[in-house]
Structure formats: structure tokens, C-alpha cells
Amino acid sequence: MTNPVGVLSLQGDFREHLQVFERLGIPAIAVKRRAELDSVSGLVLPGGESTTIGKLARIFDLFNPIVDAIQGGLPVFGTCAGLIMLADQITDGIVGQETFGGLDVVVQRNAFGNQLDSFEVDLPFQGIAEHVHAAFIRAPLITEVGPAASVVASLEDGRVVGVVQGNRLGISFHPEVTGEDRIHRYFYDALVCA
Amino acid sequence: MSGLDLVTMSEFSKPEVGTQLVKRGLAEMLKGGVIMDVINVEQAKIAEDAGAVAVMALERVPADIRAQGGVSRMSDPDMIDQIIDAVSIPVMAKARIGHFVEAQILESLGVDYIDESEVLSPADYVNHIDKWKFNVPFVCGATNLGEALRRITEGAAMIRSKGEAGTGDVSEAMKHIRTISGEIRALAAKSDDELYVAAKELQAPYQLVHEIARTGKLPVVMFVAGGVATPADAALMMQLDANGVFVGSGIFKSGDPVARAKAIVKATTFYNDPAVLAEVSRGLGEAMVGINVSDLPAPHRLAERGW
């Protein structure tokens with residue numbers, strides 16, 4: 001029996017991520033504190049506001065432990081704001097905005113514009129399905145992919161919206177709000193239990 | 001072979017904007033967060049820096065609207081543009097109840113959410129805005145479940161309790177969230193054949209009433225607003241199952257807005273941890289002065305606007 005998966009629960013749609021794992025029958029817990037972080041077998045970084053999540057992680061002494069855990073090999077999966085938090089480099093952040101890092105990519109915040117440009121689309125996701133229903137909500141884009149990361153999802157025009165790097169997965173969209181549970185399944189089976 | 005078989009199916013569908021899912025979805029991303037009223041770029045940056053998940057851009061905070069009186073309207077587009085340019089978090093702005101042209105203007109400015117708000121003077125005492133006609137999502141105030149369901153029926157993608165804005169008195173927000181939660185629990189206890197009358201009494205569509213009775217929750221995110229002035233107020237609302245809080249006058253009408261903004265953000269995340277709440281409540285300086293709602297003559301109560 002492995003340890004439960006954790007969902008970083010400082011701000012954002014962490015409950016939706018926990019519900020996906022519940023539907024899949026995968027044990028999962030909310031992570032707000034250091035002791036909880038230390039007990040998980042993988043960590044999901046949810047959607048939300050990356051500026052808020054980063055500040056709260058810093059204030060409540062989770063920031064460096066999460067960085068260390070990722071560098072130490074903890075499997076991670078970030079959606080939207082979570083992808084921003086996993087990027088080694090970001091553009092259009094606020095002054096001094098920090099990320100946990102771990103993915104060899106450059107991510108642009110709010111890359112599509114404001115809420116009027118938020119959209120839903122079906123797209124292929126490598127190794128998972130030809131049609132994944134994806135919701136992009138004030139979403140970020142992966143504007144540069146370094147040699148360590150591989151593209152797993154793109155828009156029709158080729159813009160990159162998902163990458164994997166070892167046991168780290170980052171995507172621009174929100175499977176947790178569209179009832180698309182297969183990406184969480186993939187994260188658990190292929191990256192956490194690998 | 002039919003013609004359809006000859007069409008090459010693309011793996012990609014056509015992107016769709018302004019859907020119910022993306023409208024409600026943005027509110028999902030704001031959960032567990034604090035949305036702060038700001039009247040200029042400097043305040044907007046303080047809010048963002050303190051960890052606000054969004055800002056509400058308006059010319060006067062409710063406490064000043066209350067003090068100054070007169071007709072209160074949508075803010076100057078210049079001021080809203082400046083705030084949109086200054087911050088990276090979502091920007092909301094208020095339109096008067098029923099004033100669909102103010103809403104059209106705000107949508108054209110590219111705000112991320114419109115608050116059809118009782119804090120401004122209502123433009124229509126009969127109808128609210130038909131919010132389905134817009135691609136931008138709307139948040140609306142409610143004092144009870146029926147009101148919340150009527151707003152959702154009109155297309156609201158997020159609900160907030162009304163509270164009594166500009167008072168610093170949390171008792172009305174308390175009353176509204178307890179009323180809404182209690183009415184949802186009462187619905188959940190009813191059998192299917194009792195829901196027809198429940199829908200009649202709530203003055204809301206049967207389908208929506210049925211959905212709420214069976215899921216035990218609203219289909220949209222619900223924040224609390226109106227009178228939140230301290231970290232403890234914010235945590236109180238979160239413990240009562242609010243999804244997040246709006247703080248209007250409570251931050252920038254207080255003695256030390258920077259410290260108070262940060263403290264309320266922390267309290268909203270660690271709402272269940274009294275030790276953290278005690279820590280963040282220390283040394284915040286003066287809270288906004290406040291007005292007891294019971295001292296307000298009924299015609300001056302904003303929560304009674306809208307129906």
C-alpha cells in the first residue's frame with residue numbers, strides 16, 4: 001500500500017482534484033502543512049491564482065520543502081496555476097513572483113488574454129486519448145520547451161499546453177472541472193506508481 | 001457510404017468561448033481566496049501583493065457610497081483600464097442592477113467578471129440583467145436561496161451573500177449565508193414529490209430546485225460579502241462553508257491596509273486553525289469604524305435592493 005497522493009490546498013480548486021481521485025478510488029489528502037507534505041507519494045498543484053498560492057506557500061513554510069521534495073523525486077502534476085508553479089521560468093508574472101520549478105519550460109501567464117478569451121476545446125493528449133475535453137480559463141501557455149521536457153499536448157495551431165519531464169507533468173488546462181479523469185489516472189499509474 | 005463517413009474528423013474540436021463551464025470555472029479558481037475592493041492602481045497593487053485572488057475596481061468603496069449618498073453608478077472606464085493594466089490577477093467591476101448597457105461597456109473593457117450589484121443604485125426595479133447574453137461571467141448578490149436561484153436562472157455564474165456593504169458589521173452576511181445553507185439543507189431532506197411546492201415557494205425553476213435538492217449544493221461557487229472587516233470575520237464565513245470572501249471597505253478603510261489585507265488572506269486559507277488566526281489577528285491597527293446594521297434606517301439598507 002503506497003502513501004496517499006496529496007493536493008496542495010492553499011487556494012484554488014483543490015476540492016475538485018480530491019474528488020477526481022475519489023472517483024478513481026485513489027487515496028488522496030489535502031496538503032496545507034509540512035507534515036502532510038512529508039506523507040504523500042505524489043503532489044498535485046491545483047488551479048487557482050499562482051500569485052496567491054506562491055505567497056501562501058512562502059508564508060506557511062511550504063515553499064522550500066516543496067522545492068526540495070520535487071528535486072528529491074516526488075512526482076508532481078500541475079494544472080493551470082499549478083503549471084506556472086512548476087515552470088523553471090515564467091513571463092508576465094508580478095514583480096518578484098517565485099515558482100517551485102521542476103519543468104524545463106518557459107510559461108507565459110494569462111497567455112490568451114482576459115476571461116473573455118477563456119475557452120473549451122477537445123484535443124489529443126499523447127499516450128492518453130485522441131479526444132480530451134479541456135477547459136482553458138485565463139490559462140497559461142508553454143512558450144519554450146527545454147531539452148529535458150517533452151510535449152504531450154498542443155492546440156491545433158501547435159502552441160504547447162502540456163509537457164512531461166520524468167515524473168513531473170504540467171498542463172495549461174483543467175481536467176478537474178470537465179470530468180476528464182484520465183489524466184489523473186495517468187499521473188497515478190505512470191508517474192506515481194512507476 | 002454516407003457523406004458523413006467521408007468527412008475527415010479532426011482530433012481538435014472548434015474552441016468555444018463564453019460557455020457556462022468557463023464562466024463558472026473562473027469562480028472555481030478563485031475559491032479559498034479573498035477578492036478586495038480597490039479604488040486606484042496603488043490599492044490594486046497592494047491587494048495583489050497581499051495575495052488577493054482578484055480585485056473589484058470601483059470609484060468609491062461602499063462605506064463612502066453610504067456616507068456620500070446620491071446615485072451610485074458604474075465606474076469611469078479610464079479607472080478600470082488602469083487597474084486592468086496594473087495587475088495580473090482577475091479584475092471585476094460593478095454594474096447597476098438591470099443596467100445591461102453598463103454591463104455591455106464593462107464587457108467591452110475586458111473585465112474578467114461583472115458584479116451586478118446592489119451597492120450601486122438599481123437601474124431597474126423589476127428586472128435584473130439577462131446575463132446569458134454575455135460572454136463575460138456575472139456574480140450576483142443574494143440574501144436567500146430563492147434569490148440565488150433566480151440569479152442563477154438569469155445566468156449568474158457565481159453567487160455572493162449580500163451582507164450589508166460598507167458597515168463593517170458581519171451580522172447580515174451571517175444571516176444570509178446561514179439562510180441559504182439552511183434552505184439548501186431543508187431542500188435536501190425533501191422527497192421528489194415535495195419539490196414542486198418547494199419550487200413554487202422559492203419562486204425558482206423546478207429543474208434547478210431538483211438539482212440542488214439532490215446534490216445538496218448550489219451549482220455555482222458562493223462567496224460571502226458585506227461587512228467582513230477582520231481575519232476572524234473571514235474565517236467565520238469560511239467555517240460556515242463560504243467558498244471565499246469579498247472584502248470591500250474593510251481593508252482600505254482600516255488603519256493599516258497592507259497588514260490587514262495580508263492577514264485576511266492568511267485567515268481565509270487557515271480558517272480552521274485558531275492558533276494561526278490568533279497570530280494573524282495581532283497588531284493590525286484599527287479596524288474600519290463601522291456602523292451597526294440595526295442603527296441603519298431600513299431605506300438605507302443596501303441588501304434590500306434586488307429581489
# chains A, B, ... in the order shown; residues from 1 in each chain; ligands from 1

call {"tool": "select_by_dssp", "arguments": {"residues": "region 24-236 of chain B", "states": "helix (DSSP H, G or I)", "output": "ChimeraX atom specification"}}
result
/B:24-30,41-50,62-68,77-86,100-109,131-133,145-153,171-188,192-202,206-215,231-236

call {"tool": "residues_around", "arguments": {"residues": "Pro46 (chain A)", "least_positions_apart": "2", "cutoff": "7 Å", "atoms": "only C-alpha atoms", "output": "list in words"}}
result
Leu8, Gly12, Asp13, Phe14, Val44, Gly48, Gly78, Thr79, Ala81 and Gly82 of chain A

call {"tool": "atom_distance", "arguments": {"atom1": "CA of Val164 (chain A)", "atom2": "CA of Glu16 (chain B)"}}
result
26.4 Å

call {"tool": "residues_around", "arguments": {"residues": "Pro122 (chain B)", "least_positions_apart": "5", "cutoff": "8 Å", "atoms": "only C-alpha atoms", "output": "count of residues only"}}
result
6

call {"tool": "interface_residues", "arguments": {"of": "chain A", "to": "chain B", "cutoff": "6 Å", "atoms": "only C-alpha atoms", "output": "ChimeraX atom specification"}}
result
/A:10-13,47-49,52,115-116,118-123

call {"tool": "atom_distance", "arguments": {"atom1": "CA of Gly54 (chain A)", "atom2": "CA of Val38 (chain B)"}}
result
22.0 Å
